[in-house]
Amino acid sequence: SGQRDLVGKHLLISAGGTREFLDPVRFLGNPSTGKMGIALAQAALHRGATVTLVHGVLDTSIVALEGVQTLAVTSAAEMQQTLLKCFPNADWTIMAAAVADVKPASYSSEKLPKRSLPSSLPLAPVPDIVAELGALKQPHQKLIGFAAQTGDIVTPALEKLKQKKLDAIAANPIDQPNSGFGSDSNQAILLDHRGRKHVIAPCSKLHMAHQLLAFIHAI
Ligand code: C5P
């Protein structure tokens with residue numbers, strides 16, 4: 001693929017995990033470090049794109065992202081607000097963030113004493129941000145999601161592609177060595193809405209990012 005094939009394009013990329021707090025010291029979270037989303041921002045920048053990176057909690061450094069507009073959020077609700085604001089200006093949006101599916105049903109602004117913690121935690125759903133973007137998507141916009149899965153990765157990824165009105169999805173195994181959360185390498189099966197399929201063999205997250213961008217270009 002051409003090195004500067006994204007000149008003139010604005011990419012909106014989400015990265016990292018969200019935290020859904022129960023009280024000021026306890027939250028529901030996930031092991032996302034943000035490495036995949038940051039690799040995508042790096043690769044897009046290298047190919048000449050204008051990049052906005054909306055990131056949740058990171059466990060890696062983002063020093064190599066000069067020129068990228070970077071917006072930090074913590075909760076899924078904050079990520080939703082920020083992405084909804086940025087989305088109209090984006091040509092391509094890639095949701096690499098690991099967003100919560102559920103949150104504690106209530107939040108206490110005072111730390112809950114240990115003795116008053118419930119033995120089971122009532123949960124409330126979190127809005128599906130990428131599905132919301134899928135409903136707002138204009139014809140010139142492309143929307144790409146990730147599906148972090150164990151076991152069969154393709155079937156659930158194809159369901160999500162349809163359900164969330166995505167143009168493509170990266171089915172990403174998280175139960176294989178050297179891939180998924182926190183690893184510097186990754187692997188995936190890329191699927192698009194026309195049935196095209198591309199297997200990304202285990203490689204660095206930066207190399208996977210370039211392969212994903214090339215795949216999106218060809219949709
Ligand atoms: O349904 P599932 O969470 O597996 O879907 C993963 C995809 O959906 C990812 O692209 C993720 O960023 C996005 N997602 C979202 N909002 C949520 C949950 C997931 O945008 N609340």
# chains A, B, ... in the order shown; residues from 1 in each chain; ligands from 1
call {"tool": "residues_near_ligand", "arguments": {"ligand": "ligand 1", "cutoff": "7 Å", "atoms": "only C-alpha atoms and all ligand atoms", "output": "list in words"}}
result
Ala76, Met95, Ala96, Ala97, Ala98, Val99, Ala100, Asp101, Val126, Pro127, Asp128, Ile129, Val130, Ala131, Ile144, Gly145, Phe146, Ala147, Ala148 and Lys160 of chain A
call {"tool": "closest_atom_pairs", "arguments": {"of": "segment 14-106 of chain A", "to": "segment 116-123 of chain A", "cutoff": "12 Å", "atoms": "only C-alpha atoms", "output": "JSON lines"}}
result
{"residue": "A:Glu20", "atom": "CA", "partner": "A:Leu123", "partner_atom": "CA", "distance": 10.4}
{"residue": "A:Phe21", "atom": "CA", "partner": "A:Leu123", "partner_atom": "CA", "distance": 11.4}
{"residue": "A:Leu22", "atom": "CA", "partner": "A:Leu121", "partner_atom": "CA", "distance": 9.3}
{"residue": "A:Asp23", "atom": "CA", "partner": "A:Leu117", "partner_atom": "CA", "distance": 10.5}
{"residue": "A:Arg26", "atom": "CA", "partner": "A:Leu117", "partner_atom": "CA", "distance": 10.9}
{"residue": "A:Phe27", "atom": "CA", "partner": "A:Leu121", "partner_atom": "CA", "distance": 11.4}
{"residue": "A:Leu28", "atom": "CA", "partner": "A:Leu123", "partner_atom": "CA", "distance": 10.3}
{"residue": "A:Ala100", "atom": "CA", "partner": "A:Leu123", "partner_atom": "CA", "distance": 11.3}
{"residue": "A:Asp101", "atom": "CA", "partner": "A:Leu123", "partner_atom": "CA", "distance": 9.8}
{"residue": "A:Val102", "atom": "CA", "partner": "A:Leu123", "partner_atom": "CA", "distance": 6.2}
{"residue": "A:Lys103", "atom": "CA", "partner": "A:Leu123", "partner_atom": "CA", "distance": 5.5}
{"residue": "A:Pro104", "atom": "CA", "partner": "A:Leu123", "partner_atom": "CA", "distance": 4.5}
{"residue": "A:Ala105", "atom": "CA", "partner": "A:Leu123", "partner_atom": "CA", "distance": 4.5}
{"residue": "A:Ser106", "atom": "CA", "partner": "A:Pro122", "partner_atom": "CA", "distance": 7.9}
call {"tool": "write_last_selection", "arguments": {"atoms": "N, CA and C atoms", "output": "mmCIF file, in the first residue's frame"}}
result
data_model
loop_
_atom_site.group_PDB
_atom_site.id
_atom_site.type_symbol
_atom_site.label_atom_id
_atom_site.label_comp_id
_atom_site.auth_asym_id
_atom_site.auth_seq_id
_atom_site.Cartn_x
_atom_site.Cartn_y
_atom_site.Cartn_z
ATOM 1 N N GLU A 20 -15.763 1.983 35.164
ATOM 2 C CA GLU A 20 -17.116 2.302 35.630
ATOM 3 C C GLU A 20 -17.096 2.196 37.152
ATOM 4 N N PHE A 21 -17.124 3.346 37.793
ATOM 5 C CA PHE A 21 -16.923 3.387 39.241
ATOM 6 C C PHE A 21 -18.188 3.055 40.038
ATOM 7 N N LEU A 22 -17.969 2.331 41.126
ATOM 8 C CA LEU A 22 -19.010 2.042 42.113
ATOM 9 C C LEU A 22 -19.001 3.111 43.209
ATOM 10 N N ASP A 23 -17.794 3.528 43.559
ATOM 11 C CA ASP A 23 -17.570 4.598 44.540
ATOM 12 C C ASP A 23 -16.175 5.146 44.214
ATOM 13 N N ARG A 26 -13.506 2.106 43.828
ATOM 14 C CA ARG A 26 -13.780 0.788 43.225
ATOM 15 C C ARG A 26 -14.431 0.965 41.866
ATOM 16 N N PHE A 27 -13.976 0.150 40.913
ATOM 17 C CA PHE A 27 -14.537 0.246 39.562
ATOM 18 C C PHE A 27 -14.568 -1.106 38.877
ATOM 19 N N LEU A 28 -15.388 -1.199 37.829
ATOM 20 C CA LEU A 28 -15.331 -2.317 36.886
ATOM 21 C C LEU A 28 -14.488 -1.851 35.714
ATOM 22 N N ALA A 100 -16.787 -0.631 28.385
ATOM 23 C CA ALA A 100 -17.613 -1.461 29.255
ATOM 24 C C ALA A 100 -18.942 -1.788 28.598
ATOM 25 N N ASP A 101 -19.474 -2.961 28.867
ATOM 26 C CA ASP A 101 -20.826 -3.322 28.431
ATOM 27 C C ASP A 101 -21.844 -3.047 29.536
ATOM 28 N N VAL A 102 -21.346 -3.081 30.768
ATOM 29 C CA VAL A 102 -22.200 -2.839 31.931
ATOM 30 C C VAL A 102 -21.439 -1.989 32.953
ATOM 31 N N LYS A 103 -22.201 -1.377 33.841
ATOM 32 C CA LYS A 103 -21.603 -0.588 34.926
ATOM 33 C C LYS A 103 -22.378 -0.863 36.209
ATOM 34 N N PRO A 104 -21.797 -0.541 37.366
ATOM 35 C CA PRO A 104 -22.573 -0.666 38.599
ATOM 36 C C PRO A 104 -23.833 0.192 38.482
ATOM 37 N N ALA A 105 -24.966 -0.331 38.931
ATOM 38 C CA ALA A 105 -26.253 0.343 38.733
ATOM 39 C C ALA A 105 -26.322 1.683 39.459
ATOM 40 N N SER A 106 -25.533 1.816 40.525
ATOM 41 C CA SER A 106 -25.543 3.108 41.219
ATOM 42 C C SER A 106 -24.122 3.514 41.576
#
call {"tool": "select_by_dssp", "arguments": {"residues": "segment 30-132 of chain A", "states": "strand (DSSP E)", "output": "PyMOL selection string"}}
result
chain A and resi 50-55+69-72+92-95+102-104+123-125
call {"tool": "write_last_selection", "arguments": {"atoms": "C-alpha atoms", "output": "compact mmCIF listing (two decimals), in the first residue's frame"}}
result
# COMPACT_ATOMS: atom_id res chain seq x y z
CA THR A 50 -5.15 13.90 10.45
CA VAL A 51 -5.69 11.90 13.62
CA THR A 52 -7.86 12.37 16.69
CA LEU A 53 -7.22 9.83 19.44
CA VAL A 54 -9.81 9.44 22.18
CA HIS A 55 -8.37 7.26 24.88
CA GLN A 69 -5.13 15.51 18.83
CA THR A 70 -5.41 13.49 22.02
CA LEU A 71 -8.48 13.50 24.27
CA ALA A 72 -8.51 11.58 27.55
CA TRP A 92 -12.90 6.89 9.19
CA THR A 93 -13.63 5.95 12.80
CA ILE A 94 -11.89 2.96 14.34
CA MET A 95 -13.18 1.75 17.72
CA VAL A 102 -22.20 -2.84 31.93
CA LYS A 103 -21.60 -0.59 34.93
CA PRO A 104 -22.57 -0.67 38.60
CA LEU A 123 -25.48 -3.80 37.06
CA ALA A 124 -26.89 -1.42 34.47
CA PRO A 125 -26.21 -1.54 30.71
call {"tool": "select_by_dssp", "arguments": {"residues": "chain A", "states": "alpha helix (DSSP H)", "output": "ChimeraX atom specification"}}
result
/A:35-46,76-86,129-136,154-163,205-217
call {"tool": "atom_distance", "arguments": {"atom1": "atom CA of Ile169 of chain A", "atom2": "atom CA of Leu206 of chain A"}}
result
17.2 Å
call {"tool": "atom_distance", "arguments": {"atom1": "atom CA of Leu11 of chain A", "atom2": "atom CA of Ala41 of chain A"}}
result
8.2 Å
call {"tool": "atom_distance", "arguments": {"atom1": "atom CA of Ile153 of chain A", "atom2": "atom CA of Asn172 of chain A"}}
result
6.8 Å
